[in-house]
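**Q** One structure follows; several queries about it will come next.
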Amino acid sequence: MQLFTCPFCGPRGESEFHFGGDAGNIRPEGDVSAEVWTDYLYFKNNSRGAARQIWMHLACREVFLMERDTVTHEVISSEALVQEQQA
Amino acid sequence: MTRHYSAISLLKEGLNGQQGWRPAWRSPEPKKRYDVVIIGGGGQGLATAYYLAKTHGLRNVAVIERGWLGGGNTGRNTTAIRSNYYYPESTALYDLSLKLYEGLAKELNYNIMLSQRGMMQVISSPGEMEMAARQVNAMQVNGIEVELFDRGEVQRRVPIFNFAPDARYPVYGAIFQPRAGVARHDAVAWGYARAADRLGVDIIQQCDVQEFLIEGGRCVGVQTSKGEIRADRVGMAVAGSSGALAAKAGFRLPITSYTLQACVSEPVKPIFDTVLLSPMTGTYVSQSDKGEMVIGGGLDRVPSYGQRGNLPQLETVLSGLLEMFPIFRQLRLLRQWGGTVDVTPDSSPIFSESPVPGLFVNGGWGTGGFKAIPAGGTLFAHMLATGSHHEISRPFDLARFRSGHMIDEAAGAGIAH
Ligand SMILES: Cc1cc2nc3c(=O)[nH]c(=O)nc-3n(C[C@H](O)[C@H](O)[C@H](O)COP(=O)(O)OP(=O)(O)OC[C@H]3O[C@@H](n4cnc5c(N)ncnc54)[C@H](O)[C@@H]3O)c2cc1C
Ligand SMILES: [Zn+2]
């Protein structure tokens with residue numbers, strides 16, 4: 001069992017979390033080409049080693065940014081996407 | 001020196017104290033230049049090399065493998081072979097593969113131990129049964145022989161299944177493909193390697209492809225741990241490493257790498273003579289020739305290149321198994337392992353020239369590319385020899401993600417592997 005740290009609830013078992021894709025994959029705005037849409041929708045960084053990813057903690061429904069190593073499974077950091085005072 | 005495998009050569013070598021067998025393939029030093037370089041010595045890469053040499057007469061070919069042959073997913077898979085897919089594009093691909101498998105032991109002079117014991121997909125609700133009838137119709141329209149069993153037929157064939165009145169997953173029926181089955185994974189890799197080597201292909205193990213040689217925007221070879229190797233065309237068939245390797249060539253793929261794990265029990269006497277899958281529990285099982293129960297299920301939920309599984313998914317798979325086969329509670333697990341599989345959004349593979357001309361991709365097989373090795377090799381060889389698609393591989397081009405022509409088998413046939 002891997003332990004991931006939800007910035008709001010603390011360390012929890014991996015089965016409480018849902019993978020949400022690459023961090024920084026921002027939805028394109030306006031009139032964009034099919035290539036840009038395709039890239040946004042389907043193409044992945046799929047990094048080997050250190051990766052910045054979006055995760056949801058299913059228990060509290062919060063979405064956050066986690067940096068983890070996809071080979072060693074080490075969790076490097078996790079942080080809220082929006083700071084609490086701004087939310 | 002004995003090369004051909006036959007009853008006579010066995011007898012001859014038996015009388016000679018087994019001294020005359022040749023190694024199944026050479027271990028050459030890489031040349032400076034090849035017509036085609038294939039990265040990845042799994043089943044897909046080795047089959048590609050074989051068909052390049054055999055069908056297209058290209059013999060100046062190298063397969064470059066960073067570990068040992070079949071040490072990736074090919075040697076880790078649970079070897080379910082079937083062609084009961086939903087979409088005609090998939091059927092064309094996977095049934096070509098099954099047909100080639102049926103003649104493969106003879107063609108390669110290597111016993112791949114194909115056992116067509118059929119595959120049964122158990123249905124456990126009335127709604128699912130209606131979908132099953134629809135799937136069976138689609139498969140039959142695609143020209144595949146499949147049957148829809150009722151509960152009685154499942155009970156007759158698999159008496160050890162849990163038919164108790166209070167079973168969590170009651171049996172309503174099953175989809176059955178009689179030609180499906182299993183084969184020996186190592187033998188498929190080794191058989192293709194030996195046959196390719198004999199046609200002149202250089203198989204280079206313990207050689208890591210580290211960078212691509214790109215000149216004028218075109219891929220002209222690879223930089224490896226054994227030096228630079230140039231080639232007219234480069235093909236990658238690296239399964240779970242597809243994303244990492246594509247990054248070195250400067251492009252991304254619609255692939256996420258996940259762990260898929262499997263396990264085997266201690267060997268027991270023959271008790272189970274088909275391959276059984278339950279979409280409801282997500283678990284599938286077959287019995288190996290040695291007697292072990294070979295058990296698999298769905299993906300681990302966390303993207304990973306770690307080649308090792310995690311307990312939550314193993315627990316899901318095994319609880320599904322025990323729900324279906326209470327008798328297996330007495331079994332002990334012997335081994336458990338994981339492989340890194342390359343999962344696409346529509347659960348269908350990719351055959352494509354990459355955004356870097358001269359570099360071609362065979363990948364995205366996810367949890368089900370073992371069954372596709374003979375066809376994958378045939379089609380990728382065609383692509384590397386001619387620079388363009390075989391009719392059967394065309395729908396699997398990367399272009400489908402832009403045009404929206406997905407071949408969504410996860411939604412269509414509802415099962416992976
Ligand atoms: C647990 C498990 C169960 C499965 N069950 C089934 C099943 O029942 N039926 C089915 O059809 N499929 C199944 N699969 C999927 C199947 O194993 C794969 O789709 C198939 O083996 C892919 O073959 P391949 O040759 O593309 O990949 P691989 O066999 O993984 O070969 C790729 C090779 O590329 C090499 N490589 C990677 N990077 C480099 C580099 N930079 N330089 C040199 N070499 C490199 C790797 O070392 C590896 O040997 C399963 C997979 C797993 C993990
Ligand atoms: Zn939380």
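Naming scheme: A, B, ... for chains in displayed order of the structure tokens; residues 1 onward per chain; ligands 1 onward as shown.
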At a cut-off of 6 Å, list the chain A residues touching chain B, using only C-alpha atoms, as a VMD selection string.

**A** chain A and resid 1 38 42 to 44 46 48 70 to 71

**Q** Would you put the residues from that selection into a file with N, CA, C and O atoms, as a PDB file, in the first residue's frame?

**A**
ATOM      1  N   MET A   1       0.843  -1.203   0.000  1.00  0.00           N
ATOM      2  CA  MET A   1       0.000   0.000   0.000  1.00  0.00           C
ATOM      3  C   MET A   1       0.876   1.249   0.000  1.00  0.00           C
ATOM      4  O   MET A   1       1.708   1.412   0.869  1.00  0.00           O
ATOM      5  N   THR A  38      -6.379  17.815 -29.424  1.00  0.00           N
ATOM      6  CA  THR A  38      -5.962  16.419 -29.309  1.00  0.00           C
ATOM      7  C   THR A  38      -4.865  16.285 -28.280  1.00  0.00           C
ATOM      8  O   THR A  38      -4.865  15.380 -27.457  1.00  0.00           O
ATOM      9  N   TYR A  42      -5.565  13.915 -25.097  1.00  0.00           N
ATOM     10  CA  TYR A  42      -5.092  12.533 -25.114  1.00  0.00           C
ATOM     11  C   TYR A  42      -3.597  12.336 -24.871  1.00  0.00           C
ATOM     12  O   TYR A  42      -3.185  11.265 -24.465  1.00  0.00           O
ATOM     13  N   PHE A  43      -2.776  13.310 -25.213  1.00  0.00           N
ATOM     14  CA  PHE A  43      -1.339  13.066 -25.160  1.00  0.00           C
ATOM     15  C   PHE A  43      -0.804  13.364 -23.766  1.00  0.00           C
ATOM     16  O   PHE A  43      -1.211  14.330 -23.130  1.00  0.00           O
ATOM     17  N   LYS A  44       0.122  12.514 -23.301  1.00  0.00           N
ATOM     18  CA  LYS A  44       0.555  12.569 -21.898  1.00  0.00           C
ATOM     19  C   LYS A  44       2.056  12.744 -21.795  1.00  0.00           C
ATOM     20  O   LYS A  44       2.799  12.245 -22.642  1.00  0.00           O
ATOM     21  N   ASN A  46       3.627  11.297 -19.226  1.00  0.00           N
ATOM     22  CA  ASN A  46       3.951   9.922 -18.834  1.00  0.00           C
ATOM     23  C   ASN A  46       5.421   9.795 -18.437  1.00  0.00           C
ATOM     24  O   ASN A  46       6.141   8.897 -18.907  1.00  0.00           O
ATOM     25  N   ARG A  48       8.975   9.111 -16.792  1.00  0.00           N
ATOM     26  CA  ARG A  48       9.617   8.068 -15.992  1.00  0.00           C
ATOM     27  C   ARG A  48      10.520   8.781 -14.985  1.00  0.00           C
ATOM     28  O   ARG A  48      11.399   9.531 -15.370  1.00  0.00           O
ATOM     29  N   THR A  70       7.791   7.999 -10.414  1.00  0.00           N
ATOM     30  CA  THR A  70       6.999   6.897 -10.972  1.00  0.00           C
ATOM     31  C   THR A  70       7.787   5.592 -11.033  1.00  0.00           C
ATOM     32  O   THR A  70       7.232   4.564 -11.401  1.00  0.00           O
ATOM     33  N   VAL A  71       9.080   5.630 -10.679  1.00  0.00           N
ATOM     34  CA  VAL A  71       9.848   4.383 -10.633  1.00  0.00           C
ATOM     35  C   VAL A  71       9.976   3.888  -9.189  1.00  0.00           C
ATOM     36  O   VAL A  71       9.651   2.744  -8.871  1.00  0.00           O
TER      37      VAL A  71
END

**Q** Let me see if you get this right: every residue at most 8 Å from ligand 2, counting only C-alpha atoms and all ligand atoms, written as an MDAnalysis selection string.

**A** chainID A and resid 6:10 56:62

**Q** Could you dump the residues just selected with all heavy atoms as a tab-separated table (two decimals), in the first residue's frame?

**A**
chain	number	residue	atom	x	y	z
A	6	CYS	N	-2.72	13.82	1.34
A	6	CYS	CA	-3.68	14.85	0.94
A	6	CYS	C	-3.32	16.11	1.73
A	6	CYS	O	-3.15	16.03	2.94
A	6	CYS	CB	-5.10	14.38	1.26
A	6	CYS	SG	-6.31	15.72	1.10
A	7	PRO	N	-3.21	17.27	1.06
A	7	PRO	CA	-2.82	18.49	1.79
A	7	PRO	C	-3.85	18.87	2.86
A	7	PRO	O	-3.54	19.66	3.75
A	7	PRO	CB	-2.77	19.57	0.70
A	7	PRO	CG	-2.84	18.87	-0.59
A	7	PRO	CD	-3.41	17.50	-0.37
A	8	PHE	N	-5.03	18.31	2.76
A	8	PHE	CA	-6.09	18.68	3.72
A	8	PHE	C	-6.28	17.62	4.80
A	8	PHE	O	-6.60	17.95	5.93
A	8	PHE	CB	-7.41	18.89	2.95
A	8	PHE	CG	-7.25	19.89	1.84
A	8	PHE	CD1	-6.97	19.46	0.54
A	8	PHE	CD2	-7.33	21.26	2.08
A	8	PHE	CE1	-6.78	20.38	-0.48
A	8	PHE	CE2	-7.15	22.17	1.06
A	8	PHE	CZ	-6.87	21.73	-0.23
A	9	CYS	N	-6.08	16.35	4.45
A	9	CYS	CA	-6.38	15.26	5.39
A	9	CYS	C	-5.15	14.51	5.89
A	9	CYS	O	-5.26	13.66	6.77
A	9	CYS	CB	-7.31	14.24	4.76
A	9	CYS	SG	-8.72	14.96	3.91
A	10	GLY	N	-3.99	14.76	5.28
A	10	GLY	CA	-2.80	14.03	5.70
A	10	GLY	C	-2.63	12.72	4.95
A	10	GLY	O	-3.30	12.46	3.96
A	56	MET	N	-6.96	13.52	-7.10
A	56	MET	CA	-8.11	13.86	-6.25
A	56	MET	C	-8.13	12.91	-5.05
A	56	MET	O	-7.94	11.69	-5.20
A	56	MET	CB	-9.42	13.73	-7.02
A	56	MET	CG	-10.62	14.04	-6.14
A	56	MET	SD	-12.19	13.72	-6.95
A	56	MET	CE	-12.53	15.33	-7.61
A	57	HIS	N	-8.33	13.49	-3.87
A	57	HIS	CA	-8.56	12.64	-2.70
A	57	HIS	C	-10.07	12.37	-2.65
A	57	HIS	O	-10.86	13.28	-2.41
A	57	HIS	CB	-8.07	13.35	-1.43
A	57	HIS	CG	-8.22	12.47	-0.22
A	57	HIS	ND1	-8.41	12.96	1.05
A	57	HIS	CD2	-8.22	11.13	-0.11
A	57	HIS	CE1	-8.53	11.95	1.90
A	57	HIS	NE2	-8.41	10.83	1.22
A	58	LEU	N	-10.45	11.14	-2.94
A	58	LEU	CA	-11.87	10.82	-3.11
A	58	LEU	C	-12.66	11.04	-1.82
A	58	LEU	O	-13.86	11.33	-1.86
A	58	LEU	CB	-12.03	9.38	-3.59
A	58	LEU	CG	-11.42	9.10	-4.97
A	58	LEU	CD1	-11.43	7.62	-5.28
A	58	LEU	CD2	-12.15	9.88	-6.06
A	59	ALA	N	-12.00	10.91	-0.69
A	59	ALA	CA	-12.71	11.06	0.57
A	59	ALA	C	-13.17	12.50	0.81
A	59	ALA	O	-14.29	12.73	1.26
A	59	ALA	CB	-11.83	10.58	1.72
A	60	CYS	N	-12.32	13.49	0.49
A	60	CYS	CA	-12.70	14.89	0.76
A	60	CYS	C	-12.99	15.65	-0.54
A	60	CYS	O	-13.38	16.81	-0.50
A	60	CYS	CB	-11.60	15.61	1.56
A	60	CYS	SG	-10.14	16.00	0.59
A	61	ARG	N	-12.81	14.97	-1.70
A	61	ARG	CA	-13.09	15.53	-3.02
A	61	ARG	C	-12.16	16.69	-3.40
A	61	ARG	O	-12.44	17.41	-4.36
A	61	ARG	CB	-14.55	16.00	-3.19
A	61	ARG	CG	-15.60	15.04	-2.70
A	61	ARG	CD	-15.58	13.71	-3.40
A	61	ARG	NE	-15.98	13.77	-4.79
A	61	ARG	CZ	-15.96	12.73	-5.62
A	61	ARG	NH1	-15.53	11.57	-5.19
A	61	ARG	NH2	-16.34	12.85	-6.87
A	62	GLU	N	-11.10	16.90	-2.66
A	62	GLU	CA	-10.19	17.99	-3.02
A	62	GLU	C	-9.20	17.52	-4.09
A	62	GLU	O	-8.73	16.38	-4.07
A	62	GLU	CB	-9.41	18.48	-1.80
A	62	GLU	CG	-10.25	19.27	-0.81
A	62	GLU	CD	-10.67	20.65	-1.32
A	62	GLU	OE1	-10.17	21.08	-2.39
A	62	GLU	OE2	-11.50	21.28	-0.66

**Q** All residues within 7 Å of ligand 1 are required, counting only C-alpha atoms and all ligand atoms; please report them as an MDAnalysis selection string.

**A** chainID B and resid 39:45 64:81 207:210 237:241 245 259:262 296 337:341 363 365:373 417

**Q** Report the distance between atom CA of B:Ile392 and atom CA of A:Asp39 in Å, rounded to one decimal place.

**A**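 Between atom CA of B:Ile392 and atom CA of A:Asp39 the gap works out to 25.2 Å.
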
**Q** Can you pull out every residue from stretch 98-154 of chain B that DSSP, working from the backbone, puts in alpha helix (DSSP H), and format the result as JSON, numbers by chain?

**A** {"B": [98, 99, 100, 101, 102, 104, 105, 106, 107, 108, 126, 127, 128, 129, 130, 131, 132, 133, 134, 135, 136, 137, 138, 139, 140, 141, 151, 152, 153, 154]}

**Q** By how many Å are atom CA of B:Glu211 and atom CA of B:Gln223 apart?

**A**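 According to the coordinates, atom CA of B:Glu211 and atom CA of B:Gln223 are separated by 5.0 Å.
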
**Q** Where in chain A does DSSP assign strand (DSSP E), given as a PyMOL selection string?

**A** chain A and resi 3-6+10-13+17-22+50-57+62-69+75-80

**Q** Using Å and a single decimal, report how far atom CA of B:Phe325 sits from atom CA of B:Val268.

**A**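 Going from atom CA of B:Val268 over to atom CA of B:Phe325 covers 14.6 Å.
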